[in-house]
Amino acid sequence: MRSRPERILILYEQSRAGTAAIDLARELAEKDGASLTVVGIAPQAPSGPRCGNSAVEYNAAVADSVAHDLEEARHRLAQAAERAAFVLLVDGADQTLEQLARSGGFDLVLLPAHRRPFRKSGHPAAFELSGVERASQPPPQPQPPRPAGAAG
């Protein structure tokens, strides 16, 4: 039997899968009193003389957009947001999601599921993390034992 998670890390993206992850986190926080950490990752475009024009303004706009997404997540969490921290990670400038997950003492990490044609489903960051639960897939249910001699 699984213990109830006390600390949950949620990667939020503005998508149906991201909304499902937030909804599941809200449920767990309301039911079990878990504390939440909601993370948004702002990818950064390379900038400099070898990359053409400066991407500083573009990168700032992307970070602002992800910050807005985190505010949407706060609103969706409703009262559970009172027990939540919201973190904006800037790709390449801050710690990685893996580093945050490993250093934060989280019991559960929720990633939005991604459907990728011709590839395994799941979030691209999932391979970096072990013991990941996906918000869009319930945990497998144990099957009752079959009687001896039953075909399977």
# chains A, B, ... in the order shown; residues from 1 in each chain; ligands from 1
>>> select_by_dssp(residues="stretch 39-122 of chain A", states="strand (DSSP E or B)", output="JSON list (two decimals) with all heavy atoms, in the first residue's frame")
[["chain", "number", "residue", "atom", "x", "y", "z"],
["A", 39, "VAL", "N", 5.90, 24.04, -10.86],
["A", 39, "VAL", "CA", 7.04, 24.54, -11.61],
["A", 39, "VAL", "C", 6.65, 24.81, -13.05],
["A", 39, "VAL", "O", 5.95, 24.01, -13.66],
["A", 39, "VAL", "CB", 8.20, 23.52, -11.59],
["A", 39, "VAL", "CG1", 9.36, 23.98, -12.43],
["A", 39, "VAL", "CG2", 8.65, 23.25, -10.18],
["A", 40, "GLY", "N", 7.10, 25.94, -13.56],
["A", 40, "GLY", "CA", 7.02, 26.24, -14.98],
["A", 40, "GLY", "C", 8.43, 26.43, -15.51],
["A", 40, "GLY", "O", 9.26, 27.05, -14.84],
["A", 41, "ILE", "N", 8.71, 25.89, -16.67],
["A", 41, "ILE", "CA", 10.04, 26.00, -17.25],
["A", 41, "ILE", "C", 9.99, 26.92, -18.45],
["A", 41, "ILE", "O", 9.20, 26.71, -19.37],
["A", 41, "ILE", "CB", 10.60, 24.62, -17.65],
["A", 41, "ILE", "CG1", 10.71, 23.73, -16.41],
["A", 41, "ILE", "CG2", 11.96, 24.77, -18.33],
["A", 41, "ILE", "CD1", 11.17, 22.32, -16.70],
["A", 42, "ALA", "N", 10.84, 27.95, -18.45],
["A", 42, "ALA", "CA", 10.93, 28.89, -19.56],
["A", 42, "ALA", "C", 12.14, 28.52, -20.41],
["A", 42, "ALA", "O", 13.28, 28.76, -20.01],
["A", 42, "ALA", "CB", 11.06, 30.32, -19.03],
["A", 84, "ALA", "N", 0.86, 26.04, -1.54],
["A", 84, "ALA", "CA", 1.68, 25.78, -2.72],
["A", 84, "ALA", "C", 2.74, 26.86, -2.90],
["A", 84, "ALA", "O", 2.54, 28.02, -2.56],
["A", 84, "ALA", "CB", 0.79, 25.73, -3.97],
["A", 85, "ALA", "N", 3.87, 26.42, -3.44],
["A", 85, "ALA", "CA", 4.92, 27.33, -3.87],
["A", 85, "ALA", "C", 4.95, 27.28, -5.40],
["A", 85, "ALA", "O", 4.67, 26.24, -6.00],
["A", 85, "ALA", "CB", 6.27, 26.88, -3.32],
["A", 86, "PHE", "N", 5.25, 28.41, -6.02],
["A", 86, "PHE", "CA", 5.28, 28.49, -7.48],
["A", 86, "PHE", "C", 6.68, 28.92, -7.90],
["A", 86, "PHE", "O", 7.19, 29.92, -7.42],
["A", 86, "PHE", "CB", 4.22, 29.49, -7.97],
["A", 86, "PHE", "CG", 2.83, 29.02, -7.65],
["A", 86, "PHE", "CD1", 2.27, 29.28, -6.41],
["A", 86, "PHE", "CD2", 2.10, 28.29, -8.56],
["A", 86, "PHE", "CE1", 1.00, 28.83, -6.09],
["A", 86, "PHE", "CE2", 0.83, 27.83, -8.26],
["A", 86, "PHE", "CZ", 0.28, 28.10, -7.03],
["A", 87, "VAL", "N", 7.28, 28.12, -8.79],
["A", 87, "VAL", "CA", 8.68, 28.31, -9.16],
["A", 87, "VAL", "C", 8.80, 28.43, -10.68],
["A", 87, "VAL", "O", 8.31, 27.55, -11.41],
["A", 87, "VAL", "CB", 9.54, 27.13, -8.67],
["A", 87, "VAL", "CG1", 11.00, 27.30, -9.09],
["A", 87, "VAL", "CG2", 9.43, 26.96, -7.16],
["A", 88, "LEU", "N", 9.45, 29.48, -11.12],
["A", 88, "LEU", "CA", 9.76, 29.66, -12.54],
["A", 88, "LEU", "C", 11.22, 29.30, -12.73],
["A", 88, "LEU", "O", 12.11, 29.95, -12.17],
["A", 88, "LEU", "CB", 9.51, 31.11, -12.97],
["A", 88, "LEU", "CG", 9.98, 31.49, -14.36],
["A", 88, "LEU", "CD1", 9.21, 30.73, -15.43],
["A", 88, "LEU", "CD2", 9.85, 32.99, -14.58],
["A", 89, "LEU", "N", 11.48, 28.24, -13.49],
["A", 89, "LEU", "CA", 12.85, 27.84, -13.81],
["A", 89, "LEU", "C", 13.19, 28.33, -15.21],
["A", 89, "LEU", "O", 12.47, 28.02, -16.17],
["A", 89, "LEU", "CB", 13.01, 26.31, -13.77],
["A", 89, "LEU", "CG", 12.87, 25.62, -12.42],
["A", 89, "LEU", "CD1", 13.04, 24.11, -12.58],
["A", 89, "LEU", "CD2", 13.88, 26.16, -11.43],
["A", 90, "VAL", "N", 14.26, 29.08, -15.33],
["A", 90, "VAL", "CA", 14.73, 29.55, -16.63],
["A", 90, "VAL", "C", 15.76, 28.55, -17.12],
["A", 90, "VAL", "O", 16.78, 28.32, -16.47],
["A", 90, "VAL", "CB", 15.32, 30.97, -16.53],
["A", 90, "VAL", "CG1", 15.88, 31.41, -17.87],
["A", 90, "VAL", "CG2", 14.25, 31.94, -16.05],
["A", 108, "LEU", "N", 6.20, 12.74, -4.57],
["A", 108, "LEU", "CA", 5.51, 12.47, -5.83],
["A", 108, "LEU", "C", 5.81, 13.59, -6.81],
["A", 108, "LEU", "O", 5.82, 14.76, -6.44],
["A", 108, "LEU", "CB", 4.00, 12.39, -5.58],
["A", 108, "LEU", "CG", 3.07, 12.14, -6.77],
["A", 108, "LEU", "CD1", 3.34, 10.77, -7.39],
["A", 108, "LEU", "CD2", 1.62, 12.24, -6.31],
["A", 109, "VAL", "N", 6.09, 13.22, -8.06],
["A", 109, "VAL", "CA", 6.31, 14.19, -9.13],
["A", 109, "VAL", "C", 5.24, 13.94, -10.19],
["A", 109, "VAL", "O", 5.11, 12.82, -10.68],
["A", 109, "VAL", "CB", 7.72, 14.06, -9.75],
["A", 109, "VAL", "CG1", 7.89, 15.04, -10.91],
["A", 109, "VAL", "CG2", 8.79, 14.28, -8.70],
["A", 110, "LEU", "N", 4.47, 14.98, -10.53],
["A", 110, "LEU", "CA", 3.44, 14.87, -11.55],
["A", 110, "LEU", "C", 3.89, 15.62, -12.80],
["A", 110, "LEU", "O", 4.20, 16.81, -12.73],
["A", 110, "LEU", "CB", 2.12, 15.45, -11.06],
["A", 110, "LEU", "CG", 1.49, 14.78, -9.84],
["A", 110, "LEU", "CD1", 0.25, 15.54, -9.39],
["A", 110, "LEU", "CD2", 1.15, 13.33, -10.15],
["A", 111, "LEU", "N", 3.92, 14.90, -13.91],
["A", 111, "LEU", "CA", 4.28, 15.50, -15.20],
["A", 111, "LEU", "C", 3.09, 15.37, -16.13],
["A", 111, "LEU", "O", 2.43, 14.33, -16.14],
["A", 111, "LEU", "CB", 5.48, 14.77, -15.82],
["A", 111, "LEU", "CG", 6.76, 14.72, -15.03],
["A", 111, "LEU", "CD1", 7.78, 13.83, -15.72],
["A", 111, "LEU", "CD2", 7.32, 16.12, -14.84]]
>>> closest_atom_pairs(of="stretch 67-122 of chain A", to="stretch 8-23 of chain A", cutoff="10 Å", atoms="only C-alpha atoms", output="CSV")
residue,atom,partner,partner_atom,distance
A:His68,CA,A:Gln14,CA,9.7
A:Asp69,CA,A:Gln14,CA,6.3
A:Leu70,CA,A:Tyr12,CA,7.3
A:Glu72,CA,A:Gln14,CA,8.6
A:Ala73,CA,A:Ile22,CA,6.8
A:Arg74,CA,A:Ile22,CA,9.1
A:Arg76,CA,A:Ile22,CA,7.3
A:Leu77,CA,A:Ile22,CA,6.8
A:Ala84,CA,A:Ile8,CA,9.3
A:Ala85,CA,A:Leu9,CA,9.5
A:Phe86,CA,A:Ile10,CA,9.6
A:Val87,CA,A:Leu11,CA,9.6
A:Leu97,CA,A:Leu11,CA,8.5
A:Leu100,CA,A:Leu9,CA,9.0
A:Ala101,CA,A:Leu9,CA,7.1
A:Gly104,CA,A:Leu9,CA,8.6
A:Gly105,CA,A:Ile8,CA,9.0
A:Phe106,CA,A:Ile8,CA,5.6
A:Asp107,CA,A:Ile8,CA,6.0
A:Leu108,CA,A:Ile8,CA,4.9
A:Val109,CA,A:Leu9,CA,4.7
A:Leu110,CA,A:Ile10,CA,4.8
A:Leu111,CA,A:Leu11,CA,5.3
A:Pro112,CA,A:Ala17,CA,4.7
A:Ala113,CA,A:Ala17,CA,5.7
A:His114,CA,A:Ala17,CA,7.3
A:Arg115,CA,A:Ala17,CA,9.7
>>> atom_distance(atom1="atom CA of A:Gly33", atom2="atom CA of A:Pro5")
8.8 Å
>>> closest_residue(among="A:Leu24, A:Val38, A:Pro46, A:Gln99", to="A:Glu71", atoms="only C-alpha atoms")
A:Val38
>>> atom_distance(atom1="atom CA of A:Ala93", atom2="atom CA of A:Gln44")
9.0 Å
>>> atom_distance(atom1="atom CA of A:Ala61", atom2="atom CA of A:Gln79")
28.9 Å
